[in-house]
Amino acid sequence: MSRKLLSLYSVLIMLCLLPLAAFGQQTGTVRGKVTEASTGEALPGANIFIQELNKGATSNADGLYTINNVQPGTYTFVISFIGYKKQTQVKTVEAGVQTFNFQLETETMGLGDVVVTAQQIERQERELGYSVSSVKGEDINKAKENNVVNSLSGKIAGVSITNQSGNLGGSSRIVIRGITSLSGDNQPLFVVDGVPISNSNIVANTNQTRLNGSIDVGNRAQDINANDIESISVLKGAAAAALYGQRAKNGVILITTKSGKGNPNGTASFSSSVESGGPLKLPEFQNIYAQGSLGKYNVDNLNGWGPVIKGQKVKNYEGKDITLTAAPNNLSNFYENSLRAINSISFANSTANSDFRLGVTRADENGIVPNSNMDRTNISINAGSKFSDQFRVRLGGNYINSSISGKAVQGGNNPNVLTSLINTLPRTFSMDNLENYTKEDGSQRPIDNFTNNPYWIVNKNVYSEDLERIIGHANVIYDPFDWLNITGRAGTDFYTQQRQQKTAQGTIGRETGAYSSDIIRENQLNTDLMATIKRDITEDFNIKALIGHNINIRKNQIQNNQSTDLTVDGLYSFSNAQNNTPSNHYEERRLVGVYGDVTLGYDNYLFLELTGRNDWSSTLPKNNNSFFYPSANLSFIFTEGLHIDSDILSFGKLRMNYAQVGSDEAPYQLNFRYFPVSDIFGQYGTGVTFPFGGLTGFEATGTIPPRNLKPQRQISYEIGTELQFFEGRLGLDVTVYDTRTQDQIISIPIPQSTGYGFRRTNIGEVSNKGIEALLTATPVQSKNFQWNFSTNFTKNKNKVVSLAPGVDEIVIQSGYNSLQVKAEPGKALGLYGPGFARDPETGKVIIDENTGLRQAGEIKRLGGTDPDFKLGFDNTFNYKNLSLSFLIDWSQGGVLFSNTVGALRRAGVAKETAVNRDGTFIDDGVNVTRDASGNIVSRKPNQTPVSSMQAFWNRYADAGIHEGNTFSATYVKLREVSLSYTFPTRWFTNAPIRNASLALSGRNLFLLYSEIPHIDPETGLFGSASNGQGIEWNVLPSVRTFGATLKFNI
Amino acid sequence: MKYYKKLILASVTVALLIAGCSDFLDINQDPNAATELKGDLLLPPVLTHMSANRSIEYGPDNAFFTQIWASNQSAGVFSDPEMYNTSTFTAGNAWGAYYTDILKNLDLMVSQAENQDPKRNNVVAQGKILSALAYYQLSMLFGDIPYSEANNLDIPQPKFDSQESILHSLADSLDKYVGMIDPASDLGGVEAGDLIYKGDMNQWIKFGNSLRFEILMFIRNKDQGVDSQIDALLGKALIESNADEAAIPFYDQATNANNIWRLNALFGGFADAGNGNNFLFGGETLVEMMKDKQDPRLSTYFEANDNGDYVGVPAGTFVDNASSISQNIIRKDWPNRIITASGILLLEAEYYATKGDMNTAQSKFEAGVQAGLDYFDNKPGAISQADKQQYVNNLPQLGNMSQSDAVKTVQEHEYIEIFDRAPENWANWKRTHVPSLPLPQEAVLGNIIRRYPYPPDEESANPNTPSRDSYTLDQPMWFEN
């Protein structure tokens, strides 16, 4: 009995215990295997994370994982692993054990990708009927770039990026799908976490103009810290941006900053990088001939046309006896190696109901110009909290503090222009000698009577910029029902920047010293209130409808003072100046918009989206300040719709869209205005200032205000396809578009004899047609090794279709000596200037029979300023924990005028000018004879040698004949190389460090091909906001950098 | 019911939003500009634009062209125009300044005065006299220019009028507007903003008459039918005393100073005791003429060189140890002189000489030379009483010469006195061809330069601009004989 009882009791107890165990084990256990979709191989180290519970697990070496103690319910599983596409799956967990296996696909184009689109709305990429490109944060951060615009270069089809100069905090111009607006801004709208921010490139009084004493003041989007970026979406056409309104007609760069999500255990991340570099390309010099003229030494000539350097004894400018020896590295000795250190730390934490991230980055840099430095501090906060199932709040802020000192002055007409002082120095001048830039009494030791010492300029006449900026936003998201969402968002961007230019007493050209100071304030407030409804109409049909209201206020204020005739040397204070000329400027504009968006989806493969927006603008005439613009786009995933099941074509989508965008005018243009005068132009900088003789004065506007102004209107069509082959091993995305911008609001030039220089009105049409293509492939994919390859192609054909009746051309930007960027009907924007006189019949250059020299001819079109096409090649090789990537950027076509090359040749210091000095040279061309009316009657091949190579080069590269200094701007650059090593996680099993990586990278590394001697073809004088590209004039050389970055997480 | 309430609430909100819209958006007035203004405030910038152009924009060029000054190869921007390689900027800046800065603002000032009730005739006269002066100067620089259709918003592409018709029209217009001046009226002219006369309308009468006289003398070169008008004018009030001189002042303050002085100040010029950069030197033609006449103004105009001599520079060349322009002239408050007493008196002498009235001619001649010397009294470069007396007493007797010699003698003195006044110095040489000027070395034209080319901006915007093939820069002006 007892044994039986015992066993019965045991069984009973066990039976009793069983339910207890079952109660205790009312939770579920989830386990399974993570494998690679294409090969079936196990994926160790993959992350399986249950969002709602904020817990997860990592797969082991066999790809197996287990998550215990999961309360039964329905959850979102997020499965991720580097190099593979993140998967999100909703699964129901019951009590007990269940097996969920996951297959991850390698990173390719968006099959199930979620993309951030306009208004921070995350959409499935499959729904989008327009072209969107995304770049991940880590790709942006790969090769450390100070300007986030530059880090997009070569990575996105349809986008053309031109870095303007090698200055610290220099600007970079980004144009998406060509220039649409002849006088307005062609930069895309930059949006950070739903807040439109300023990307301005403001030239104010301290910077004189974009031409005279020009300084590359940067573009304000560069203040964004790459380390804080989670991803960037580029919305290219108007269709993608219809919800943002008119400012997005040039496209939108949507930046999403990192949040704290996915860090249940709290993560601290550290990153430290050091970069060093120097000018990418410097002129190639002849080091054979000293200064002078026609082979004879002359101390007054700062050039290279003198005798052969043979150790002769001569007198220098200061009357001292010197021996002539070559100083071949004098220019490269002037520039210093740049050094940049970027250190970041960030803390991220998430719970089931909230997440938080704080990031702090500090960047310190010394530039290639002596005495130049930049430091920047970025503090970024991103926090979100879920108050209830229906109510969420997110807020974020960025604080930026940036100081730059020592940017080089470019352009002309200013004693502080730097590169013109150093590029054409005699080949015997060494920097050791020039480094002593003061005499015993502290006054300047110049190069000669008319020329400042460059070390005096960089040490004494310092230009500085100090910026403090805050970008902040708050979102409130309310889901009262599961089909209704109400989102309210407010964002602001404001900054204050002070710019100062100091010119010391004793500077030639500004003997009595000068001081200019600008305080610039920009302030933007943007609010959006949106309601979205999602309903399933039938099983296959669903509808999403959104309606929203937007208010945007932008203010811009500049206060400036110019001081001249300083009393105490070195004291840069307004009261120390005998003369002060203050001025102020203020601009405010407001916009109210109402927009709606309806998306119809059918069976998840066919989507139709219709949008409409109406704007009311403060800058248009009161009785006509409202304009409406619609758009429509269609997305058809035909592989699913037509039930195509092929091994080769695994995914195919067709996109089409049509969009209209209206845009308004600049503030205050509508009234006839009288402006107070602060100074009167006088040639050579001699103008007088007002008050004059104690009197104030006013002048009427020089531009006739518009009558009956209408908004500008842009209409675009786009059709494209996304195809994937071989389960994602090969992908192709092609888009063709046609954009027309009509009723351009421009100031058209009118004869000055009317009393006005311009009339502002709606005229003209500009068209941009083009094709963008992105090809991605994974040619090799094996257990340990993977090669990913992508190439993007951009071809945009810009054409000024028409201007106004009777207007044959509009000058977009002027350089010196009739060099101009102009818009002419029937052509793309182009560069114009005098060329060589040519015989119309043979096309050959006309050579003067007496001198053997070329002649100045008519003003002609030198070429288009836009490239014909751009191509980027991006390769990444992954071998176990090692990753190597490189990016090649190819820009084909367009022209560039280079004053630097012209100056080097006129001065006889360029390498090519050494040829033939002792010989004879007969230029290739024809001598012509003319009749009494000046027509050419006969021609013969030129046989007259030039009197000297000095005469030849001074004519060929003449400052007034631009053809000789204009080159094809085609270039191929090795833009980025990065080698990174992720330390094996098993090294850190017992350490607080969770993962770590070390990367070596280089940026702007090599010019693999260029047709322009002496300089980097990727350059521009006028800055990112100017449509006047294709002109280089004493621009600081661009910089190549190498460095290393160490990252680790705790 | 609930549904309707929600709908009403929604509609009201939307309505409020839209209503609030229009006020919210009504901010398009520039806080840093005025939309209405007392026209008097437009005058000071007009005058300073004129003085800036006359002194530094085309001033040096014109003085080089007439060989009154020389560059002595001091800088490319000066030695190039000396050889007639003018800069398109010079022509373009001057053209733009005259039409858009000077003439337009004067028109606005005049039309405001005309539309006021009662009309401010004195202001209209001031504006119209200055407009006439501006068109006169422009025509002297370019020849045929837009005039009758210029500065008219209804005419987008003004035609070019002939110099002949412009000069005639200016003379008539001056007659009309000087006649409008009423010095006794309560409605004064522009006063504080009138940098020339501070609102003294009697002086404006003299100024208007003198300008008209000058213009008639140009027309007279071709059409002596205007003599009757000149005879009538010579009985009226003219600028015959230095106190009535028409000049735009500069001030003894670095940023209100004469542009030529500022040029030297910015580039380390001889503001610092002669060891700086000198850009401007005496032209040989003038220096030699003054030495020949033993004119006491040599030391006023020029610096003696290291040897104590006055050495001028032939156009287009370099002379070591040459005489630069003196600091008596290149000083902060050297005014921009437009019409001087000496200039008018000498013109009168010239006129009387051509009419055969040698007695009056002689007295005007001597008064003119005297006024030119007296101008420097109590100023840097003042000439001693003894020197002045000796010079005037030794002036030749016009009655003892042939008529043409007498005219030439007077015109030589005009040449000496007119000095840096541009474009009048160049224009007067074109009218008189006295003295004869040798062609500069390496001049790019075959004859003395007569005009600037039309600016490229006007050429491209206005199809009425004569094409570059239809004229040469050394082609004589209409009024030349």
# chains A, B, ... in the order shown; residues from 1 in each chain; ligands from 1
call {"tool": "closest_atom_pairs", "arguments": {"of": "chain A", "to": "chain B", "cutoff": "6 Å", "atoms": "only C-alpha atoms", "output": "JSON lines"}}
result
{"residue": "A:Ile508", "atom": "CA", "partner": "B:Phe267", "partner_atom": "CA", "distance": 5.7}
{"residue": "A:Gly509", "atom": "CA", "partner": "B:Phe267", "partner_atom": "CA", "distance": 4.4}
{"residue": "A:Arg510", "atom": "CA", "partner": "B:Leu266", "partner_atom": "CA", "distance": 4.8}
{"residue": "A:Glu511", "atom": "CA", "partner": "B:Leu266", "partner_atom": "CA", "distance": 5.4}
{"residue": "A:Arg590", "atom": "CA", "partner": "B:Leu25", "partner_atom": "CA", "distance": 6.0}
{"residue": "A:Ser618", "atom": "CA", "partner": "B:Leu25", "partner_atom": "CA", "distance": 4.5}
{"residue": "A:Thr619", "atom": "CA", "partner": "B:Asn28", "partner_atom": "CA", "distance": 5.8}
{"residue": "A:Tyr668", "atom": "CA", "partner": "B:Asn28", "partner_atom": "CA", "distance": 5.2}
{"residue": "A:Arg673", "atom": "CA", "partner": "B:Thr35", "partner_atom": "CA", "distance": 4.8}
{"residue": "A:Tyr674", "atom": "CA", "partner": "B:Ala34", "partner_atom": "CA", "distance": 5.1}
{"residue": "A:Phe675", "atom": "CA", "partner": "B:Ala33", "partner_atom": "CA", "distance": 4.9}
{"residue": "A:Gly682", "atom": "CA", "partner": "B:Ala52", "partner_atom": "CA", "distance": 5.7}
{"residue": "A:Gln683", "atom": "CA", "partner": "B:Glu57", "partner_atom": "CA", "distance": 5.9}
{"residue": "A:Thr686", "atom": "CA", "partner": "B:Asn259", "partner_atom": "CA", "distance": 5.2}
{"residue": "A:Val688", "atom": "CA", "partner": "B:Asn256", "partner_atom": "CA", "distance": 5.0}
{"residue": "A:Thr689", "atom": "CA", "partner": "B:Thr255", "partner_atom": "CA", "distance": 5.7}
{"residue": "A:Gly697", "atom": "CA", "partner": "B:Leu41", "partner_atom": "CA", "distance": 5.2}
{"residue": "A:Phe698", "atom": "CA", "partner": "B:Leu42", "partner_atom": "CA", "distance": 5.0}
{"residue": "A:Glu699", "atom": "CA", "partner": "B:Leu42", "partner_atom": "CA", "distance": 5.8}
{"residue": "A:Ile750", "atom": "CA", "partner": "B:Ala461", "partner_atom": "CA", "distance": 5.6}
{"residue": "A:Pro751", "atom": "CA", "partner": "B:Ala461", "partner_atom": "CA", "distance": 5.1}
{"residue": "A:Gln752", "atom": "CA", "partner": "B:Gly96", "partner_atom": "CA", "distance": 5.9}
{"residue": "A:Ser753", "atom": "CA", "partner": "B:Ala150", "partner_atom": "CA", "distance": 5.4}
{"residue": "A:Thr754", "atom": "CA", "partner": "B:Asn151", "partner_atom": "CA", "distance": 4.2}
{"residue": "A:Gly755", "atom": "CA", "partner": "B:Thr100", "partner_atom": "CA", "distance": 4.2}
{"residue": "A:Tyr756", "atom": "CA", "partner": "B:Thr100", "partner_atom": "CA", "distance": 5.3}
call {"tool": "residues_around", "arguments": {"residues": "Ser631 of chain A", "least_positions_apart": "6", "cutoff": "9 Å", "atoms": "only C-alpha atoms", "output": "list in words"}}
result
Ala238, Ala239, Ala242, Glu609, Leu610, Thr611, Gly612, Arg613, Asn657, Tyr658, Ala659, Gln660 and Val661 of chain A
call {"tool": "select_by_dssp", "arguments": {"residues": "segment 416-467 of chain A", "states": "alpha helix (DSSP H)", "output": "list of chain:residue names"}}
result
A:Thr419, A:Ser420, A:Leu421, A:Ile422, A:Met431, A:Asp432, A:Asn433, A:Leu434, A:Glu435, A:Pro454, A:Tyr455, A:Trp456, A:Ile457, A:Val458, A:Asn459, A:Lys460
call {"tool": "write_last_selection", "arguments": {"atoms": "C-alpha atoms", "output": "tab-separated table (two decimals), in the first residue's frame"}}
result
chain	number	residue	atom	x	y	z
A	419	THR	CA	46.21	83.11	-53.19
A	420	SER	CA	47.06	85.87	-55.66
A	421	LEU	CA	49.83	86.91	-53.28
A	422	ILE	CA	51.45	83.49	-53.08
A	431	MET	CA	58.88	81.26	-47.35
A	432	ASP	CA	61.59	81.30	-44.69
A	433	ASN	CA	62.40	84.78	-45.84
A	434	LEU	CA	58.80	85.93	-45.99
A	435	GLU	CA	57.87	84.46	-42.62
A	454	PRO	CA	51.01	86.91	-47.18
A	455	TYR	CA	52.15	86.15	-43.63
A	456	TRP	CA	51.09	89.66	-42.64
A	457	ILE	CA	47.70	89.01	-44.17
A	458	VAL	CA	47.08	85.65	-42.47
A	459	ASN	CA	48.39	86.76	-39.10
A	460	LYS	CA	47.17	90.31	-38.84
call {"tool": "residues_around", "arguments": {"residues": "segment 125-131 of chain A", "least_positions_apart": "2", "cutoff": "8 Å", "atoms": "only C-alpha atoms", "output": "short mmCIF file (atom, residue, chain, number, x, y, z; two decimals) with all heavy atoms, in the first residue's frame"}}
result
data_model
loop_
_atom_site.label_atom_id
_atom_site.label_comp_id
_atom_site.auth_asym_id
_atom_site.auth_seq_id
_atom_site.Cartn_x
_atom_site.Cartn_y
_atom_site.Cartn_z
N GLY A 110 14.98 48.63 -51.64
CA GLY A 110 13.82 48.47 -50.77
C GLY A 110 12.73 47.56 -51.27
O GLY A 110 11.95 47.93 -52.12
N LEU A 111 12.68 46.36 -50.74
CA LEU A 111 11.53 45.52 -51.01
C LEU A 111 10.48 45.79 -49.95
O LEU A 111 9.33 46.04 -50.23
CB LEU A 111 11.92 44.04 -50.95
CG LEU A 111 12.45 43.44 -52.24
CD1 LEU A 111 12.73 41.97 -52.02
CD2 LEU A 111 11.41 43.58 -53.34
N GLY A 112 10.91 45.74 -48.73
CA GLY A 112 9.96 46.00 -47.66
C GLY A 112 10.43 47.17 -46.83
O GLY A 112 10.02 47.38 -45.70
N ASP A 113 11.32 47.94 -47.41
CA ASP A 113 11.95 49.02 -46.66
C ASP A 113 10.96 50.10 -46.28
O ASP A 113 10.05 50.43 -47.02
CB ASP A 113 13.03 49.69 -47.52
CG ASP A 113 14.40 49.25 -47.08
OD1 ASP A 113 14.45 48.45 -46.12
OD2 ASP A 113 15.37 49.69 -47.69
N VAL A 114 11.24 50.64 -45.14
CA VAL A 114 10.47 51.80 -44.73
C VAL A 114 11.33 53.03 -44.97
O VAL A 114 12.50 53.04 -44.65
CB VAL A 114 10.10 51.67 -43.23
CG1 VAL A 114 9.76 53.02 -42.65
CG2 VAL A 114 8.94 50.72 -43.07
N VAL A 115 10.76 53.98 -45.60
CA VAL A 115 11.51 55.18 -45.97
C VAL A 115 10.85 56.39 -45.31
O VAL A 115 9.63 56.45 -45.21
CB VAL A 115 11.47 55.35 -47.51
CG1 VAL A 115 12.07 56.68 -47.91
CG2 VAL A 115 12.21 54.22 -48.17
N ARG A 123 6.91 55.74 -44.86
CA ARG A 123 6.08 55.01 -45.80
C ARG A 123 6.83 53.77 -46.23
O ARG A 123 8.05 53.76 -46.29
CB ARG A 123 5.82 55.87 -47.04
CG ARG A 123 5.27 57.25 -46.76
CD ARG A 123 3.78 57.21 -46.57
NE ARG A 123 3.11 56.78 -47.77
CZ ARG A 123 2.69 57.59 -48.74
NH1 ARG A 123 2.92 58.89 -48.66
NH2 ARG A 123 2.07 57.12 -49.77
N SER A 133 15.81 58.50 -52.60
CA SER A 133 17.05 57.78 -52.31
C SER A 133 17.37 57.92 -50.85
O SER A 133 17.13 58.98 -50.27
CB SER A 133 18.21 58.36 -53.11
OG SER A 133 18.04 58.13 -54.47
N LEU A 235 14.46 63.46 -51.36
CA LEU A 235 13.23 63.46 -52.15
C LEU A 235 13.50 64.35 -53.35
O LEU A 235 13.74 65.54 -53.19
CB LEU A 235 12.07 64.03 -51.32
CG LEU A 235 11.91 63.48 -49.91
CD1 LEU A 235 10.65 64.04 -49.27
CD2 LEU A 235 11.86 61.97 -49.91
N LYS A 236 13.52 63.78 -54.52
CA LYS A 236 14.11 64.50 -55.62
C LYS A 236 13.20 65.44 -56.39
O LYS A 236 13.61 66.48 -56.81
CB LYS A 236 14.74 63.52 -56.60
CG LYS A 236 16.01 62.94 -56.00
CD LYS A 236 16.62 61.94 -56.90
CE LYS A 236 16.81 60.64 -56.15
NZ LYS A 236 17.27 59.59 -57.03
N GLY A 237 12.01 65.01 -56.67
CA GLY A 237 11.20 65.86 -57.52
C GLY A 237 10.13 66.57 -56.72
O GLY A 237 9.98 66.37 -55.53
N ALA A 239 7.07 66.02 -56.83
CA ALA A 239 6.05 65.08 -56.37
C ALA A 239 6.36 64.62 -54.95
O ALA A 239 5.50 64.54 -54.10
CB ALA A 239 5.99 63.88 -57.30
N ALA A 240 7.63 64.32 -54.74
CA ALA A 240 8.01 63.81 -53.44
C ALA A 240 7.82 64.87 -52.37
O ALA A 240 7.70 64.57 -51.20
CB ALA A 240 9.47 63.38 -53.46
N GLY A 601 -4.70 52.21 -51.94
CA GLY A 601 -3.87 51.05 -52.19
C GLY A 601 -4.71 49.86 -52.57
O GLY A 601 -5.80 49.64 -52.00
N ASN A 604 -1.86 45.76 -52.00
CA ASN A 604 -0.44 45.98 -51.70
C ASN A 604 0.47 45.97 -52.91
O ASN A 604 1.67 45.83 -52.78
CB ASN A 604 0.06 44.93 -50.69
CG ASN A 604 1.00 45.55 -49.69
OD1 ASN A 604 0.98 46.75 -49.46
ND2 ASN A 604 1.86 44.72 -49.12
N TYR A 605 -0.08 46.10 -54.11
CA TYR A 605 0.84 46.22 -55.24
C TYR A 605 0.51 47.39 -56.16
O TYR A 605 1.28 47.73 -57.04
CB TYR A 605 0.94 44.93 -56.06
CG TYR A 605 -0.33 44.53 -56.79
CD1 TYR A 605 -0.69 45.14 -57.98
CD2 TYR A 605 -1.13 43.51 -56.29
CE1 TYR A 605 -1.83 44.76 -58.66
CE2 TYR A 605 -2.27 43.13 -56.97
CZ TYR A 605 -2.62 43.75 -58.15
OH TYR A 605 -3.75 43.37 -58.81
N LEU A 606 -0.63 48.02 -55.93
CA LEU A 606 -0.99 49.15 -56.78
C LEU A 606 -1.40 50.30 -55.87
O LEU A 606 -2.27 50.15 -55.02
CB LEU A 606 -2.15 48.77 -57.70
CG LEU A 606 -2.62 49.84 -58.70
CD1 LEU A 606 -1.49 50.14 -59.68
CD2 LEU A 606 -3.85 49.35 -59.46
N PHE A 607 -0.74 51.45 -56.05
CA PHE A 607 -1.02 52.59 -55.17
C PHE A 607 -1.20 53.84 -55.99
O PHE A 607 -0.45 54.10 -56.93
CB PHE A 607 0.14 52.81 -54.18
CG PHE A 607 0.42 51.65 -53.30
CD1 PHE A 607 1.33 50.67 -53.69
CD2 PHE A 607 -0.23 51.50 -52.08
CE1 PHE A 607 1.57 49.57 -52.88
CE2 PHE A 607 0.02 50.42 -51.26
CZ PHE A 607 0.93 49.45 -51.67
N LEU A 608 -2.16 54.61 -55.61
CA LEU A 608 -2.37 55.90 -56.25
C LEU A 608 -2.42 56.97 -55.17
O LEU A 608 -3.16 56.85 -54.20
CB LEU A 608 -3.69 55.91 -57.03
CG LEU A 608 -4.11 57.26 -57.65
CD1 LEU A 608 -3.15 57.63 -58.77
CD2 LEU A 608 -5.53 57.19 -58.18
N GLU A 609 -1.60 57.98 -55.33
CA GLU A 609 -1.57 59.05 -54.33
C GLU A 609 -1.90 60.37 -55.01
O GLU A 609 -1.34 60.70 -56.06
CB GLU A 609 -0.19 59.13 -53.69
CG GLU A 609 -0.11 60.20 -52.60
CD GLU A 609 1.27 60.25 -51.97
OE1 GLU A 609 2.16 59.49 -52.42
OE2 GLU A 609 1.47 61.05 -51.06
N ASN A 633 0.61 60.61 -58.09
CA ASN A 633 1.60 59.61 -58.46
C ASN A 633 1.05 58.20 -58.31
O ASN A 633 0.14 57.93 -57.53
CB ASN A 633 2.90 59.82 -57.69
CG ASN A 633 2.78 59.56 -56.22
OD1 ASN A 633 2.59 58.43 -55.78
ND2 ASN A 633 2.88 60.62 -55.44
N LEU A 634 1.62 57.33 -59.10
CA LEU A 634 1.14 55.96 -59.19
C LEU A 634 2.31 55.01 -59.00
O LEU A 634 3.38 55.20 -59.56
CB LEU A 634 0.55 55.74 -60.59
CG LEU A 634 -0.08 54.37 -60.83
CD1 LEU A 634 -1.45 54.32 -60.19
CD2 LEU A 634 -0.19 54.10 -62.32
N SER A 635 2.10 53.98 -58.18
CA SER A 635 3.12 52.96 -58.01
C SER A 635 2.51 51.60 -58.30
O SER A 635 1.48 51.25 -57.72
CB SER A 635 3.65 53.02 -56.57
OG SER A 635 4.35 51.86 -56.26
N PHE A 636 3.11 50.88 -59.19
CA PHE A 636 2.55 49.61 -59.61
C PHE A 636 3.64 48.55 -59.52
O PHE A 636 4.62 48.57 -60.27
CB PHE A 636 2.02 49.73 -61.05
CG PHE A 636 1.48 48.45 -61.63
CD1 PHE A 636 0.73 47.57 -60.85
CD2 PHE A 636 1.69 48.12 -62.95
CE1 PHE A 636 0.21 46.41 -61.37
CE2 PHE A 636 1.17 46.97 -63.50
CZ PHE A 636 0.43 46.10 -62.71
N ILE A 637 3.52 47.65 -58.57
CA ILE A 637 4.50 46.57 -58.47
C ILE A 637 4.02 45.47 -59.39
O ILE A 637 3.20 44.61 -59.02
CB ILE A 637 4.64 46.11 -57.01
CG1 ILE A 637 5.11 47.33 -56.21
CG2 ILE A 637 5.66 45.00 -56.90
CD1 ILE A 637 4.96 47.19 -54.73
N LYS A 653 8.85 47.27 -60.22
CA LYS A 653 7.88 48.32 -59.88
C LYS A 653 7.93 49.41 -60.92
O LYS A 653 8.98 49.76 -61.44
CB LYS A 653 8.26 48.87 -58.51
CG LYS A 653 7.42 50.04 -58.06
CD LYS A 653 7.79 50.39 -56.62
CE LYS A 653 7.56 51.85 -56.36
NZ LYS A 653 8.04 52.28 -55.08
N LEU A 654 6.78 49.94 -61.21
CA LEU A 654 6.68 51.03 -62.16
C LEU A 654 6.18 52.25 -61.39
O LEU A 654 5.23 52.14 -60.61
CB LEU A 654 5.70 50.65 -63.26
CG LEU A 654 5.52 51.64 -64.41
CD1 LEU A 654 6.80 51.72 -65.21
CD2 LEU A 654 4.38 51.18 -65.30
N ARG A 655 6.82 53.42 -61.61
CA ARG A 655 6.38 54.63 -60.92
C ARG A 655 6.07 55.70 -61.95
O ARG A 655 6.79 55.85 -62.92
CB ARG A 655 7.50 55.24 -60.06
CG ARG A 655 8.23 54.40 -59.11
CD ARG A 655 9.17 55.28 -58.32
NE ARG A 655 10.28 55.75 -59.14
CZ ARG A 655 11.51 55.31 -59.04
NH1 ARG A 655 11.80 54.35 -58.19
NH2 ARG A 655 12.46 55.80 -59.81
N MET A 656 5.04 56.45 -61.67
CA MET A 656 4.76 57.60 -62.53
C MET A 656 4.27 58.73 -61.66
O MET A 656 3.51 58.48 -60.73
CB MET A 656 3.65 57.25 -63.51
CG MET A 656 4.01 56.14 -64.45
SD MET A 656 2.85 56.07 -65.82
CE MET A 656 1.46 55.39 -65.01
N ASN A 657 4.66 59.94 -62.00
CA ASN A 657 4.01 61.04 -61.29
C ASN A 657 3.98 62.33 -62.07
O ASN A 657 4.75 62.53 -63.01
CB ASN A 657 4.60 61.25 -59.90
CG ASN A 657 5.97 61.87 -59.95
OD1 ASN A 657 6.15 62.97 -60.41
ND2 ASN A 657 6.94 61.14 -59.46
N GLU A 718 7.37 62.57 -64.17
CA GLU A 718 8.44 61.63 -63.86
C GLU A 718 7.93 60.22 -64.12
O GLU A 718 6.78 59.89 -63.79
CB GLU A 718 8.84 61.79 -62.39
CG GLU A 718 9.92 60.87 -61.90
CD GLU A 718 10.13 60.99 -60.40
OE1 GLU A 718 10.19 62.11 -59.88
OE2 GLU A 718 10.22 59.93 -59.75
N ILE A 719 8.76 59.38 -64.70
CA ILE A 719 8.39 57.97 -64.84
C ILE A 719 9.62 57.16 -64.53
O ILE A 719 10.73 57.52 -64.89
CB ILE A 719 7.83 57.68 -66.25
CG1 ILE A 719 7.39 56.22 -66.34
CG2 ILE A 719 8.82 57.98 -67.34
CD1 ILE A 719 6.50 55.98 -67.54
N GLY A 720 9.42 56.08 -63.80
CA GLY A 720 10.60 55.32 -63.42
C GLY A 720 10.25 53.89 -63.12
O GLY A 720 9.08 53.51 -63.03
N THR A 735 14.99 56.46 -63.58
CA THR A 735 13.94 57.48 -63.59
C THR A 735 14.20 58.45 -64.72
O THR A 735 15.34 58.86 -64.95
CB THR A 735 13.95 58.27 -62.27
OG1 THR A 735 13.93 57.37 -61.20
CG2 THR A 735 12.78 59.23 -62.20
#
call {"tool": "closest_atom_pairs", "arguments": {"of": "segment 87-163 of chain B", "to": "segment 419-428 of chain B", "cutoff": "9 Å", "atoms": "only C-alpha atoms", "output": "CSV"}}
result
residue,atom,partner,partner_atom,distance
B:Gln137,CA,B:Pro423,CA,6.3
B:Leu138,CA,B:Pro423,CA,8.5
B:Met140,CA,B:Ala427,CA,5.9
B:Leu141,CA,B:Pro423,CA,6.8
call {"tool": "residues_around", "arguments": {"residues": "Gln444 of chain A", "least_positions_apart": "3", "cutoff": "10 Å", "atoms": "only C-alpha atoms", "output": "MDAnalysis selection string"}}
result
chainID A and resid 436:441 447 452:453 455:457 460 504:508
call {"tool": "residues_around", "arguments": {"residues": "Ser948 of chain A", "least_positions_apart": "5", "cutoff": "10 Å", "atoms": "only C-alpha atoms", "output": "MDAnalysis selection string"}}
result
chainID A and resid 294:295 851:853 916:921 953:954
